[in-house]
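Contents: one structure, followed by commentary.
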Amino acid sequence: MFALKFASLFILAYLIGSFPTGVLVGKIFFHKDIRKYGSGNIGTTNTFRVLGPVAGIIVFLVDFFKGTIATLLPVLFHLGSHYLCLIFGLAAILGHAFPIFLKFKGGKAVATSAGFLLGYNVHFFLICAVIFFPILFITSMVSLTSLISVVLIFIASFFFHDLALSIISGLLVVLIYWSHRSNIVRLKHHQENMMPFGLYYWYYKKHH
């Protein structure tokens with residue numbers, strides 16, 4: 001019985017993660033396929049850039065809470081150990097990165113990963129937020145911030161003495177770097193897009 005319940009909820013967590021928020025918001029409300037504009041990514045940053053801040057916020061919130069809800073499935077359905085939340089959170093993250101509804105070509109999973117961290121450990125999530133937002137303010141680039149933050153978050157996980165959390169955080173480093181391959185190339189050539197705020201953005205605008 002446990003095995004059947006676990007398998008069913010694991011599939012559900014993956015399907016929740018696979019929900020193509022950016023594509024649906026673009027097609028339903030703007031009659032645009034987000035994959036054909038900007039960077040072609042279906043996530044928050046490209047939605048902000050192509051469809052505007054309202055759409056960007058909606059996509060972020062839905063993608064964020066996809067991770068939270070999926071992570072909490074074992075708690076909601078009384079499946080057992082809290083550590084199972086890590087497995088279900090990872091299923092949602094993989095669902096977002098490799099969605100079955102979009103031929104396994106999804107987003108970079110940053111928002112969904114953040115939602116997963118909230119669902120698993122609120123205190124750890126707050127530390128991650130303290131790491132992420134100041135770096136974003138300094139760099140003005142979501143991609144660079146994500147690449148730096150995920151490494152620092154992995155290091156921070158060791159202070160919680162939770163081996164399972166550290167293992168999942170390590171897997172997130174691999175996934176985030178893999179999904180940001182094109183961003184890394186643009187960063188090397190100083191061609192990465194910036195958010196219209198932050199220290200580097202203001203410095204760049206002043207000197208160009």
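Residues in the structure tokens are numbered from 1 in each chain, the chains being A, B, ... in the order shown, and ligands are numbered from 1 in the order shown.
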**Prompt:** stretch 198-201 of chain A: which residues within 9 Å, counting only C-alpha atoms, same-chain residues fewer than 2 positions away excluded, as a PyMOL selection string?
**Reply:** chain A and resi 136-141+194-196+203-206
Go ahead and dump the residues you just picked, N, CA and C atoms, as a short mmCIF file (atom, residue, chain, number, x, y, z; two decimals), in the first residue's frame.
data_model
loop_
_atom_site.label_atom_id
_atom_site.label_comp_id
_atom_site.auth_asym_id
_atom_site.auth_seq_id
_atom_site.Cartn_x
_atom_site.Cartn_y
_atom_site.Cartn_z
N LEU A 136 21.64 39.47 -6.34
CA LEU A 136 20.89 39.98 -7.49
C LEU A 136 20.99 41.49 -7.57
N PHE A 137 20.93 42.18 -6.44
CA PHE A 137 21.02 43.63 -6.41
C PHE A 137 22.40 44.09 -6.88
N ILE A 138 23.43 43.32 -6.58
CA ILE A 138 24.79 43.68 -6.99
C ILE A 138 25.02 43.39 -8.47
N THR A 139 24.61 42.20 -8.94
CA THR A 139 24.94 41.77 -10.31
C THR A 139 23.95 42.23 -11.36
N SER A 140 22.68 42.48 -10.95
CA SER A 140 21.60 42.87 -11.88
C SER A 140 21.29 41.77 -12.89
N MET A 141 21.77 40.54 -12.66
CA MET A 141 21.53 39.45 -13.59
C MET A 141 21.02 38.22 -12.83
N MET A 194 20.36 41.99 -18.57
CA MET A 194 20.30 42.49 -17.20
C MET A 194 18.87 42.85 -16.81
N MET A 195 18.60 42.77 -15.51
CA MET A 195 17.35 43.31 -14.99
C MET A 195 17.53 44.83 -14.88
N PRO A 196 16.46 45.61 -15.05
CA PRO A 196 16.59 47.08 -15.05
C PRO A 196 16.71 47.69 -13.65
N TYR A 203 25.61 51.12 -12.95
CA TYR A 203 26.99 51.40 -13.38
C TYR A 203 27.09 51.32 -14.90
N TYR A 204 26.48 50.29 -15.48
CA TYR A 204 26.54 50.10 -16.93
C TYR A 204 25.86 51.26 -17.67
N LYS A 205 24.68 51.65 -17.17
CA LYS A 205 23.94 52.75 -17.82
C LYS A 205 24.74 54.06 -17.74
N LYS A 206 25.46 54.25 -16.66
CA LYS A 206 26.20 55.49 -16.46
C LYS A 206 27.41 55.57 -17.36
#
**Message:** Could you pull out the alpha helix (DSSP H) residues of stretch 40-207 of chain A, going by DSSP on the backbone, and write them as a count of residues only?
**Reply:** 124
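If you look at atom CA of A:Lys5 and atom CA of A:Gly89, they are 16.1 Å away from each other.
For the set A:Gly17, A:Gly80, A:Gly22, A:Gly67, the residue with the smallest atom-to-atom gap to A:Leu117 is A:Gly67, counting only C-alpha atoms.
Distances here use only C-alpha atoms; by that measure, the residue among A:Gly26, A:Ala114, A:Lys105, A:Ala92 closest to A:Phe48 is A:Gly26.
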Return as a Markdown table the residues of stretch 18-133 of chain A lying at most 12 Å from stretch 153-171 of chain A, together with the closest atom-to-atom pair for each and the distance in Å to one decimal, counting only C-alpha atoms, with rows in chain order and ascending residue number.
| residue | atom | partner | partner_atom | distance |
| --- | --- | --- | --- | --- |
| A:His82 | CA | A:Ala164 | CA | 10.7 |
| A:Tyr83 | CA | A:Ala164 | CA | 7.3 |
| A:Leu84 | CA | A:Ala164 | CA | 9.7 |
| A:Cys85 | CA | A:Leu165 | CA | 10.1 |
| A:Leu86 | CA | A:Ile168 | CA | 7.2 |
| A:Ile87 | CA | A:Ile168 | CA | 8.5 |
| A:Phe88 | CA | A:Ile168 | CA | 11.1 |
| A:Gly89 | CA | A:Ile168 | CA | 9.4 |
| A:Leu90 | CA | A:Ile168 | CA | 7.6 |
| A:Ala91 | CA | A:Ile168 | CA | 11.2 |
| A:Ile93 | CA | A:Leu171 | CA | 10.8 |
| A:Leu94 | CA | A:Leu171 | CA | 10.8 |
| A:Ser113 | CA | A:Ser169 | CA | 9.5 |
| A:Ala114 | CA | A:Ile153 | CA | 10.9 |
| A:Phe116 | CA | A:Ile168 | CA | 10.6 |
| A:Leu117 | CA | A:Leu165 | CA | 9.4 |
| A:Tyr120 | CA | A:Leu165 | CA | 8.9 |
| A:Asn121 | CA | A:Leu165 | CA | 9.4 |
| A:His123 | CA | A:Phe160 | CA | 9.7 |
| A:Phe124 | CA | A:Ser157 | CA | 7.6 |
| A:Phe125 | CA | A:Ile153 | CA | 9.4 |
| A:Leu126 | CA | A:Ile153 | CA | 10.9 |
| A:Ile127 | CA | A:Ala156 | CA | 8.2 |
| A:Cys128 | CA | A:Ile153 | CA | 6.1 |
| A:Ala129 | CA | A:Ile153 | CA | 9.6 |
| A:Val130 | CA | A:Ile153 | CA | 10.2 |
| A:Ile131 | CA | A:Ile153 | CA | 7.6 |
| A:Phe132 | CA | A:Ile153 | CA | 8.9 |
Export C-alpha atoms of the chosen residues as a compact mmCIF listing (two decimals), in the first residue's frame?
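Wrote it out as result26.txt, contents follow:
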# COMPACT_ATOMS: atom_id res chain seq x y z
CA HIS A 82 9.80 14.33 6.50
CA TYR A 83 12.82 13.37 4.40
CA LEU A 84 10.43 12.12 1.72
CA CYS A 85 9.65 15.80 1.09
CA LEU A 86 13.10 16.10 -0.49
CA ILE A 87 12.32 13.37 -3.00
CA PHE A 88 8.98 14.88 -3.96
CA GLY A 89 10.46 18.36 -4.20
CA LEU A 90 13.13 17.03 -6.52
CA ALA A 91 10.41 15.37 -8.63
CA ILE A 93 12.02 20.44 -9.97
CA LEU A 94 12.74 17.77 -12.58
CA SER A 113 13.71 25.08 -6.45
CA ALA A 114 13.07 28.08 -4.18
CA PHE A 116 10.88 23.41 -2.71
CA LEU A 117 13.25 24.93 -0.13
CA TYR A 120 11.18 21.56 3.23
CA ASN A 121 12.76 23.98 5.70
CA HIS A 123 14.70 28.61 8.11
CA PHE A 124 16.95 27.32 5.34
CA PHE A 125 14.73 29.06 2.76
CA LEU A 126 15.14 32.39 4.58
CA ILE A 127 18.92 31.99 4.58
CA CYS A 128 18.79 31.24 0.83
CA ALA A 129 16.74 34.41 0.28
CA VAL A 130 19.31 36.42 2.25
CA ILE A 131 21.97 34.98 -0.05
CA PHE A 132 20.05 35.42 -3.33
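For the choices A:Trp202, A:His78, A:Gly107, A:Thr68, the atom-to-atom distance to A:Ile34 is smallest for A:Gly107 when using only C-alpha atoms.
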Please provide the set of residues having any atom within 6 Å of A:Ser18, restricted to only C-alpha atoms, with same-chain residues fewer than 5 positions apart removed, written as an mmCIF file with C-alpha atoms, in the first residue's frame.
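Listing of part.cif after writing:
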data_model
loop_
_atom_site.group_PDB
_atom_site.id
_atom_site.type_symbol
_atom_site.label_atom_id
_atom_site.label_comp_id
_atom_site.auth_asym_id
_atom_site.auth_seq_id
_atom_site.Cartn_x
_atom_site.Cartn_y
_atom_site.Cartn_z
ATOM 1 C CA GLY A 95 9.173 18.172 -13.824
ATOM 2 C CA HIS A 96 9.752 21.884 -14.385
ATOM 3 C CA PRO A 99 8.090 18.743 -18.479
#
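Closest approach to A:Leu72 among A:Phe19, A:Phe60, A:Phe98, A:Phe10: A:Phe10, based on only C-alpha atoms.
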Restrict the calculation to only C-alpha atoms, then for each residue of stretch 90-169 of chain A with any atom at most 10 Å from an atom of stretch 178-184 of chain A give the closest atom pair and their distance in Å to one decimal, rows by chain and rising residue number, as a tab-separated table.
residue	atom	partner	partner_atom	distance
A:Ala97	CA	A:Ser179	CA	7.8
A:Gly106	CA	A:Ser179	CA	9.2
A:Gly107	CA	A:Ser179	CA	7.7
A:Lys108	CA	A:Ser179	CA	5.3
A:Ala109	CA	A:Ser179	CA	8.2
A:Val110	CA	A:Ser179	CA	9.7
A:Val142	CA	A:Asn183	CA	9.9
A:Ser143	CA	A:Asn183	CA	6.5
A:Leu144	CA	A:Ile184	CA	8.1
A:Ser146	CA	A:His180	CA	9.0
A:Leu147	CA	A:His180	CA	8.0
Writer output for current selection, all heavy atoms, as a CSV table (one decimal), in the first residue's frame:
chain,number,residue,atom,x,y,z
A,97,ALA,N,12.0,21.3,-15.1
A,97,ALA,CA,13.1,21.3,-16.1
A,97,ALA,C,12.9,20.4,-17.3
A,97,ALA,O,13.3,20.7,-18.4
A,97,ALA,CB,14.4,20.9,-15.3
A,106,GLY,N,12.0,22.3,-20.7
A,106,GLY,CA,11.3,23.2,-19.7
A,106,GLY,C,12.2,24.4,-19.3
A,106,GLY,O,13.1,24.8,-20.1
A,107,GLY,N,12.0,24.9,-18.1
A,107,GLY,CA,12.7,26.0,-17.6
A,107,GLY,C,13.9,25.7,-16.8
A,107,GLY,O,14.3,24.5,-16.8
A,108,LYS,N,14.5,26.7,-16.2
A,108,LYS,CA,15.7,26.5,-15.5
A,108,LYS,C,15.5,26.1,-14.0
A,108,LYS,O,16.5,25.9,-13.3
A,108,LYS,CB,16.5,27.8,-15.6
A,108,LYS,CG,17.0,28.1,-17.0
A,108,LYS,CD,17.9,29.3,-17.1
A,108,LYS,CE,18.5,29.4,-18.5
A,108,LYS,NZ,17.6,29.7,-19.6
A,109,ALA,N,14.3,26.1,-13.6
A,109,ALA,CA,13.9,25.5,-12.3
A,109,ALA,C,14.3,26.3,-11.1
A,109,ALA,O,14.3,25.8,-10.0
A,109,ALA,CB,14.4,24.1,-12.2
A,110,VAL,N,14.7,27.6,-11.2
A,110,VAL,CA,15.1,28.4,-10.1
A,110,VAL,C,14.0,28.7,-9.2
A,110,VAL,O,14.1,28.5,-7.9
A,110,VAL,CB,15.8,29.7,-10.6
A,110,VAL,CG1,16.1,30.6,-9.4
A,110,VAL,CG2,17.1,29.4,-11.4
A,142,VAL,N,19.8,37.7,-13.2
A,142,VAL,CA,19.3,36.6,-12.5
A,142,VAL,C,20.1,35.3,-12.7
A,142,VAL,O,20.3,34.6,-11.8
A,142,VAL,CB,17.8,36.3,-13.0
A,142,VAL,CG1,17.2,35.1,-12.4
A,142,VAL,CG2,16.9,37.5,-12.7
A,143,SER,N,20.6,35.2,-14.0
A,143,SER,CA,21.4,34.0,-14.3
A,143,SER,C,22.7,33.9,-13.4
A,143,SER,O,22.9,32.9,-12.8
A,143,SER,CB,21.8,33.9,-15.7
A,143,SER,OG,22.5,35.1,-16.1
A,144,LEU,N,23.4,35.0,-13.4
A,144,LEU,CA,24.7,35.0,-12.6
A,144,LEU,C,24.4,34.9,-11.1
A,144,LEU,O,25.1,34.1,-10.4
A,144,LEU,CB,25.4,36.3,-12.9
A,144,LEU,CG,26.8,36.5,-12.1
A,144,LEU,CD1,27.7,35.4,-12.5
A,144,LEU,CD2,27.4,37.9,-12.5
A,146,SER,N,21.8,33.3,-9.8
A,146,SER,CA,21.5,31.9,-9.6
A,146,SER,C,22.7,31.0,-9.5
A,146,SER,O,22.8,30.1,-8.7
A,146,SER,CB,20.5,31.4,-10.7
A,146,SER,OG,19.4,32.2,-10.8
A,147,LEU,N,23.6,31.2,-10.4
A,147,LEU,CA,24.9,30.4,-10.5
A,147,LEU,C,25.7,30.6,-9.2
A,147,LEU,O,26.3,29.6,-8.7
A,147,LEU,CB,25.7,30.7,-11.7
A,147,LEU,CG,25.0,30.4,-13.1
A,147,LEU,CD1,25.8,31.0,-14.2
A,147,LEU,CD2,25.0,28.9,-13.2
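Between atom CA of A:Leu12 and atom CA of A:Phe77 the interatomic distance comes to 12.1 Å.
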